[in-house]
file data_5.cif (mmCIF, C-alpha atoms)
data_model
loop_
_atom_site.group_PDB
_atom_site.id
_atom_site.type_symbol
_atom_site.label_atom_id
_atom_site.label_comp_id
_atom_site.auth_asym_id
_atom_site.auth_seq_id
_atom_site.Cartn_x
_atom_site.Cartn_y
_atom_site.Cartn_z
ATOM 1 C CA MET A 1 0.000 0.000 0.000
ATOM 2 C CA ASN A 2 1.485 3.360 -0.983
ATOM 3 C CA PRO A 3 1.732 6.199 1.580
ATOM 4 C CA THR A 4 -1.226 8.114 0.121
ATOM 5 C CA ASP A 5 -3.539 5.113 0.325
ATOM 6 C CA HIS A 6 -2.327 4.393 3.848
ATOM 7 C CA PHE A 7 -3.049 7.974 4.920
ATOM 8 C CA ILE A 8 -6.546 7.826 3.404
ATOM 9 C CA LEU A 9 -7.228 4.540 5.212
ATOM 10 C CA GLN A 10 -6.110 5.969 8.568
ATOM 11 C CA PHE A 11 -8.165 9.128 8.031
ATOM 12 C CA ASP A 12 -11.216 7.044 7.130
ATOM 13 C CA ARG A 13 -10.819 5.004 10.328
ATOM 14 C CA ALA A 14 -10.578 8.177 12.364
ATOM 15 C CA LEU A 15 -13.766 9.600 10.849
ATOM 16 C CA ARG A 16 -15.642 6.337 11.383
ATOM 17 C CA THR A 17 -14.484 6.066 15.001
ATOM 18 C CA VAL A 18 -15.383 9.620 15.980
ATOM 19 C CA PHE A 19 -18.468 10.360 13.895
ATOM 20 C CA ALA A 20 -20.077 7.151 12.573
ATOM 21 C CA PRO A 21 -22.146 4.714 14.657
ATOM 22 C CA ALA A 22 -19.845 1.929 15.835
ATOM 23 C CA GLN A 23 -20.551 -1.608 14.617
ATOM 24 C CA ALA A 24 -19.926 -4.542 16.982
ATOM 25 C CA ARG A 25 -19.075 -8.094 15.964
ATOM 26 C CA ARG A 26 -20.354 -9.486 19.273
ATOM 27 C CA GLU A 27 -23.800 -8.867 20.674
ATOM 28 C CA SER A 28 -23.910 -6.454 23.577
ATOM 29 C CA PRO A 29 -23.932 -8.204 26.987
ATOM 30 C CA ALA A 30 -26.647 -5.727 28.005
ATOM 31 C CA ARG A 31 -29.177 -7.425 25.735
ATOM 32 C CA ALA A 32 -29.381 -10.405 28.083
ATOM 33 C CA ASP A 33 -30.826 -8.190 30.841
ATOM 34 C CA MET A 34 -34.203 -6.507 31.129
ATOM 35 C CA GLU A 35 -34.343 -2.730 31.475
ATOM 36 C CA THR A 36 -35.251 -1.886 35.059
ATOM 37 C CA PRO A 37 -36.733 1.383 36.338
ATOM 38 C CA VAL A 38 -34.153 3.872 37.638
ATOM 39 C CA SER A 39 -34.608 7.273 39.196
ATOM 40 C CA GLN A 40 -33.535 10.391 37.323
ATOM 41 C CA PRO A 41 -30.436 10.907 39.536
ATOM 42 C CA GLU A 42 -29.431 7.274 38.936
ATOM 43 C CA LYS A 43 -29.910 7.666 35.191
ATOM 44 C CA THR A 44 -27.828 10.860 35.213
ATOM 45 C CA ALA A 45 -25.044 9.044 37.068
ATOM 46 C CA ALA A 46 -25.148 6.114 34.631
ATOM 47 C CA VAL A 47 -25.052 8.435 31.611
ATOM 48 C CA ARG A 48 -22.004 10.242 32.997
ATOM 49 C CA LEU A 49 -20.143 6.973 33.563
ATOM 50 C CA MET A 50 -21.048 5.489 30.180
ATOM 51 C CA ARG A 51 -20.045 8.712 28.396
ATOM 52 C CA ILE A 52 -16.618 8.453 30.014
ATOM 53 C CA ASN A 53 -16.350 4.809 28.991
ATOM 54 C CA HIS A 54 -17.388 5.620 25.438
ATOM 55 C CA THR A 55 -14.711 8.294 25.199
ATOM 56 C CA GLY A 56 -12.208 5.820 26.630
ATOM 57 C CA GLU A 57 -13.032 3.443 23.791
ATOM 58 C CA VAL A 58 -12.599 6.218 21.229
ATOM 59 C CA CYS A 59 -9.143 6.739 22.738
ATOM 60 C CA ALA A 60 -8.459 2.993 22.606
ATOM 61 C CA GLN A 61 -9.179 2.892 18.871
ATOM 62 C CA ALA A 62 -6.818 5.811 18.300
ATOM 63 C CA LEU A 63 -4.079 4.342 20.500
ATOM 64 C CA TYR A 64 -4.136 0.977 18.743
ATOM 65 C CA GLN A 65 -4.173 2.566 15.301
ATOM 66 C CA GLY A 66 -1.211 4.749 16.215
ATOM 67 C CA GLN A 67 0.686 1.847 17.770
ATOM 68 C CA ALA A 68 0.041 -0.435 14.793
ATOM 69 C CA LEU A 69 1.140 2.292 12.369
ATOM 70 C CA THR A 70 4.642 2.485 13.857
ATOM 71 C CA ALA A 71 5.067 -1.117 15.105
ATOM 72 C CA ARG A 72 8.034 -2.886 13.529
ATOM 73 C CA ASN A 73 7.011 -6.500 14.047
ATOM 74 C CA PRO A 74 4.145 -7.784 11.826
ATOM 75 C CA GLU A 75 3.017 -10.099 14.656
ATOM 76 C CA ILE A 76 2.715 -7.106 16.976
ATOM 77 C CA ARG A 77 0.639 -5.266 14.367
ATOM 78 C CA THR A 78 -1.663 -8.289 14.112
ATOM 79 C CA THR A 79 -2.017 -8.438 17.907
ATOM 80 C CA LEU A 80 -2.908 -4.757 18.037
ATOM 81 C CA GLY A 81 -5.443 -5.203 15.262
ATOM 82 C CA GLN A 82 -7.139 -8.060 17.116
ATOM 83 C CA ALA A 83 -7.305 -6.009 20.305
ATOM 84 C CA ALA A 84 -8.719 -3.047 18.364
ATOM 85 C CA ASP A 85 -11.487 -5.263 16.989
ATOM 86 C CA GLU A 86 -12.572 -6.209 20.514
ATOM 87 C CA GLU A 87 -12.304 -2.601 21.628
ATOM 88 C CA ARG A 88 -14.566 -1.654 18.705
ATOM 89 C CA ASP A 89 -17.190 -3.923 20.264
ATOM 90 C CA HIS A 90 -16.782 -1.970 23.501
ATOM 91 C CA LEU A 91 -17.219 1.292 21.604
ATOM 92 C CA ALA A 92 -20.457 0.063 20.034
ATOM 93 C CA TRP A 93 -21.788 -1.338 23.317
ATOM 94 C CA CYS A 94 -21.142 1.929 25.165
ATOM 95 C CA GLU A 95 -22.759 3.956 22.392
ATOM 96 C CA GLU A 96 -25.801 1.683 22.365
ATOM 97 C CA ARG A 97 -26.176 1.927 26.127
ATOM 98 C CA LEU A 98 -25.755 5.704 26.072
ATOM 99 C CA ASN A 99 -28.555 5.940 23.518
ATOM 100 C CA GLU A 100 -30.798 3.718 25.638
ATOM 101 C CA LEU A 101 -30.209 5.976 28.634
ATOM 102 C CA GLY A 102 -30.926 9.094 26.609
ATOM 103 C CA GLY A 103 -27.373 10.388 26.915
ATOM 104 C CA ARG A 104 -24.983 11.876 24.374
ATOM 105 C CA LYS A 105 -21.374 11.299 23.396
ATOM 106 C CA SER A 106 -18.624 13.720 24.416
ATOM 107 C CA MET A 107 -18.217 16.656 22.048
ATOM 108 C CA LEU A 108 -14.464 16.518 22.726
ATOM 109 C CA ASN A 109 -13.994 13.056 21.195
ATOM 110 C CA PRO A 110 -12.138 14.397 18.119
ATOM 111 C CA LEU A 111 -9.615 16.043 20.462
ATOM 112 C CA TRP A 112 -9.138 12.877 22.529
ATOM 113 C CA TYR A 113 -8.792 10.812 19.368
ATOM 114 C CA GLY A 114 -6.030 12.997 17.954
ATOM 115 C CA GLY A 115 -4.049 13.061 21.175
ATOM 116 C CA SER A 116 -4.379 9.311 21.708
ATOM 117 C CA PHE A 117 -3.312 8.530 18.142
ATOM 118 C CA ALA A 118 -0.162 10.607 18.632
ATOM 119 C CA LEU A 119 0.636 8.832 21.920
ATOM 120 C CA GLY A 120 0.159 5.436 20.292
ATOM 121 C CA ALA A 121 2.412 6.323 17.374
ATOM 122 C CA MET A 122 5.128 7.543 19.748
ATOM 123 C CA ALA A 123 4.894 4.308 21.745
ATOM 124 C CA GLY A 124 5.428 2.301 18.567
ATOM 125 C CA LEU A 125 8.444 4.391 17.587
ATOM 126 C CA LEU A 126 10.136 3.440 20.873
ATOM 127 C CA GLY A 127 10.255 -0.207 19.777
ATOM 128 C CA ASP A 128 8.075 -3.253 20.160
ATOM 129 C CA ARG A 129 8.927 -3.999 23.820
ATOM 130 C CA TRP A 130 7.908 -0.486 24.842
ATOM 131 C CA ASN A 131 4.937 -0.558 22.504
ATOM 132 C CA MET A 132 3.678 -3.651 24.330
ATOM 133 C CA ALA A 133 4.575 -2.081 27.685
ATOM 134 C CA PHE A 134 2.349 0.877 26.854
ATOM 135 C CA LEU A 135 -0.464 -1.469 25.850
ATOM 136 C CA ALA A 136 -0.140 -3.586 28.999
ATOM 137 C CA GLU A 137 -0.121 -0.582 31.334
ATOM 138 C CA THR A 138 -2.999 1.102 29.515
ATOM 139 C CA GLU A 139 -5.123 -2.023 29.880
ATOM 140 C CA ARG A 140 -4.207 -2.439 33.559
ATOM 141 C CA GLN A 141 -5.283 1.109 34.273
ATOM 142 C CA VAL A 142 -8.494 0.735 32.261
ATOM 143 C CA GLU A 143 -9.296 -2.460 34.155
ATOM 144 C CA GLY A 144 -8.950 -0.559 37.439
ATOM 145 C CA HIS A 145 -11.008 2.325 36.113
ATOM 146 C CA LEU A 146 -13.801 -0.076 35.099
ATOM 147 C CA THR A 147 -13.754 -1.654 38.546
ATOM 148 C CA GLY A 148 -14.280 1.803 40.018
ATOM 149 C CA HIS A 149 -17.170 2.484 37.658
ATOM 150 C CA LEU A 150 -18.820 -0.808 38.571
ATOM 151 C CA ASP A 151 -18.732 0.339 42.192
ATOM 152 C CA GLN A 152 -20.307 3.677 41.248
ATOM 153 C CA LEU A 153 -23.061 2.389 38.954
ATOM 154 C CA PRO A 154 -26.598 2.394 40.385
ATOM 155 C CA ALA A 155 -27.315 -1.092 41.717
ATOM 156 C CA SER A 156 -30.456 -1.327 39.578
ATOM 157 C CA ASP A 157 -28.649 -0.688 36.270
ATOM 158 C CA ALA A 158 -27.968 -4.321 35.315
ATOM 159 C CA LYS A 159 -27.558 -3.536 31.593
ATOM 160 C CA SER A 160 -24.696 -1.055 32.048
ATOM 161 C CA ARG A 161 -23.117 -3.381 34.595
ATOM 162 C CA ALA A 162 -23.142 -6.290 32.123
ATOM 163 C CA VAL A 163 -21.360 -4.157 29.530
ATOM 164 C CA LEU A 164 -18.651 -3.002 31.930
ATOM 165 C CA GLU A 165 -18.083 -6.498 33.321
ATOM 166 C CA GLN A 166 -17.386 -7.909 29.848
ATOM 167 C CA MET A 167 -15.200 -4.943 28.978
ATOM 168 C CA ARG A 168 -13.158 -5.501 32.137
ATOM 169 C CA GLN A 169 -12.595 -9.155 31.232
ATOM 170 C CA ASP A 170 -11.432 -8.201 27.738
ATOM 171 C CA GLU A 171 -9.047 -5.524 29.044
ATOM 172 C CA ALA A 172 -7.418 -8.003 31.428
ATOM 173 C CA ALA A 173 -6.916 -10.422 28.531
ATOM 174 C CA HIS A 174 -5.325 -7.686 26.393
ATOM 175 C CA SER A 175 -2.878 -6.845 29.170
ATOM 176 C CA MET A 176 -1.845 -10.489 29.484
ATOM 177 C CA THR A 177 -1.414 -10.744 25.704
ATOM 178 C CA ALA A 178 0.876 -7.712 25.705
ATOM 179 C CA GLN A 179 2.987 -9.238 28.464
ATOM 180 C CA SER A 180 3.249 -12.518 26.554
ATOM 181 C CA HIS A 181 4.648 -10.548 23.596
ATOM 182 C CA GLY A 182 7.603 -9.293 25.634
ATOM 183 C CA ALA A 183 6.324 -6.058 27.143
ATOM 184 C CA ALA A 184 8.943 -4.118 29.090
ATOM 185 C CA GLU A 185 8.178 -2.864 32.607
ATOM 186 C CA MET A 186 6.859 0.673 32.412
ATOM 187 C CA PRO A 187 8.772 3.132 34.698
ATOM 188 C CA GLU A 188 6.664 4.396 37.592
ATOM 189 C CA PRO A 189 6.801 8.107 36.548
ATOM 190 C CA LEU A 190 5.262 7.175 33.188
ATOM 191 C CA LYS A 191 2.531 5.165 34.917
ATOM 192 C CA VAL A 192 1.705 8.192 37.051
ATOM 193 C CA ALA A 193 1.649 10.459 33.993
ATOM 194 C CA MET A 194 -0.774 8.076 32.279
ATOM 195 C CA ARG A 195 -3.051 8.072 35.326
ATOM 196 C CA VAL A 196 -3.030 11.870 35.458
ATOM 197 C CA GLY A 197 -3.859 12.113 31.752
ATOM 198 C CA SER A 198 -6.718 9.668 32.189
ATOM 199 C CA GLN A 199 -8.109 11.657 35.105
ATOM 200 C CA VAL A 200 -8.015 14.870 33.064
ATOM 201 C CA MET A 201 -10.015 13.167 30.317
ATOM 202 C CA LYS A 202 -12.575 11.744 32.756
ATOM 203 C CA THR A 203 -13.040 15.048 34.569
ATOM 204 C CA THR A 204 -13.393 17.054 31.364
#
call {"tool": "encode", "arguments": {"input": "data_5.cif", "output": "structure tokens"}}
result
Amino acid sequence: MNPTDHFILQFDRALRTVFAPAQARRESPARADMETPVSQPEKTAAVRLMRINHTGEVCAQALYQGQALTARNPEIRTTLGQAADEERDHLAWCEERLNELGGRKSMLNPLWYGGSFALGAMAGLLGDRWNMAFLAETERQVEGHLTGHLDQLPASDAKSRAVLEQMRQDEAAHSMTAQSHGAAEMPEPLKVAMRVGSQVMKTT
């Protein structure tokens, strides 16, 4: 593929991720549960949490695309592509649940996408061990973030809970996959910087 075609493909993926309805390969875990009545404050809380999770999945798509773009090992690129496919399911599930709750997506998603793509590309440029280290640490932090959201969700919102539970399982598996592909150990200052960046995104 020549550079122009590659650029067009990446730009198309960015537009689809940020602006087009996401398409999942797997059925949403929420569909196995009945919608239960929730109060307006509970619905507002659920919408806020699912909007954050949706934006996190927009960032995940951008990170993986950036990492795959600069990865040197074809096997690593394949691994990142497989993880991105599962994360695309998460994106679609969160969007579907947001719509069911009457919420909206973050208007800042294009900004988060661009920044995440740049971070992913930089991680890939550092070499495959550090590329996998970035993936492993990202997934560990997302797994912890999802655990926190499960604690905050209204107890009656079984549909949102089912989505987050499956997402957490997938994130843990991605982290283990990255480690099995020779991920380096991320220095603690970088872990802290990643946590701070995540908190800025969630707060905004």
call {"tool": "axis_aligned_box", "arguments": {"input": "data_5.cif", "around": "region 26-45 of chain A", "padding_each_side": "4 Å", "output": "AutoDock Vina command-line options"}}
result
--center_x -28.5 --center_y 0.3 --center_z 29.4 --size_x 24.4 --size_y 29.3 --size_z 28.3
call {"tool": "resolve_selection", "arguments": {"input": "data_5.cif", "expression": "the PyMOL selection byres ((chain A and resi 125) around 10)", "output": "VMD selection string"}}
result
chain A and resid 66 to 67 69 to 72 119 to 124 126 to 128 130 to 131
call {"tool": "write_last_selection", "arguments": {"input": "data_5.cif", "atoms": "C-alpha atoms", "output": "PDB file, keeping the file's coordinate frame"}}
result
ATOM      1  CA  GLY A  66      -1.211   4.749  16.215  1.00  0.00           C
ATOM      2  CA  GLN A  67       0.686   1.847  17.770  1.00  0.00           C
ATOM      3  CA  LEU A  69       1.140   2.292  12.369  1.00  0.00           C
ATOM      4  CA  THR A  70       4.642   2.485  13.857  1.00  0.00           C
ATOM      5  CA  ALA A  71       5.067  -1.117  15.105  1.00  0.00           C
ATOM      6  CA  ARG A  72       8.034  -2.886  13.529  1.00  0.00           C
ATOM      7  CA  LEU A 119       0.636   8.832  21.920  1.00  0.00           C
ATOM      8  CA  GLY A 120       0.159   5.436  20.292  1.00  0.00           C
ATOM      9  CA  ALA A 121       2.412   6.323  17.374  1.00  0.00           C
ATOM     10  CA  MET A 122       5.128   7.543  19.748  1.00  0.00           C
ATOM     11  CA  ALA A 123       4.894   4.308  21.745  1.00  0.00           C
ATOM     12  CA  GLY A 124       5.428   2.301  18.567  1.00  0.00           C
ATOM     13  CA  LEU A 126      10.136   3.440  20.873  1.00  0.00           C
ATOM     14  CA  GLY A 127      10.255  -0.207  19.777  1.00  0.00           C
ATOM     15  CA  ASP A 128       8.075  -3.253  20.160  1.00  0.00           C
ATOM     16  CA  TRP A 130       7.908  -0.486  24.842  1.00  0.00           C
ATOM     17  CA  ASN A 131       4.937  -0.558  22.504  1.00  0.00           C
TER      18      ASN A 131
END
call {"tool": "residues_around", "arguments": {"input": "data_5.cif", "residues": "region 174-180 of chain A", "least_positions_apart": "4", "cutoff": "6 Å", "atoms": "all atoms listed in the file", "output": "short mmCIF file (atom, residue, chain, number, x, y, z; two decimals) with C-alpha atoms, in the frame of the given file"}}
result
data_model
loop_
_atom_site.label_atom_id
_atom_site.label_comp_id
_atom_site.auth_asym_id
_atom_site.auth_seq_id
_atom_site.Cartn_x
_atom_site.Cartn_y
_atom_site.Cartn_z
CA MET A 132 3.68 -3.65 24.33
CA ALA A 136 -0.14 -3.59 29.00
CA GLU A 139 -5.12 -2.02 29.88
#
call {"tool": "resolve_selection", "arguments": {"input": "data_5.cif", "expression": "the PyMOL selection byres ((chain A and resi 55) around 9)", "output": "number ranges by chain"}}
result
A: 50-54, 56-60, 91, 105-106, 108-109, 112-113, 201-202
call {"tool": "closest_residue", "arguments": {"input": "data_5.cif", "among": "A:Leu63, A:Ala68, A:Leu135, A:Leu101", "to": "Gly115 (chain A)", "atoms": "only C-alpha atoms"}}
result
A:Leu63
call {"tool": "atom_distance", "arguments": {"input": "data_5.cif", "atom1": "CA of Arg88 (chain A)", "atom2": "CA of Glu185 (chain A)"}}
result
26.7 Å
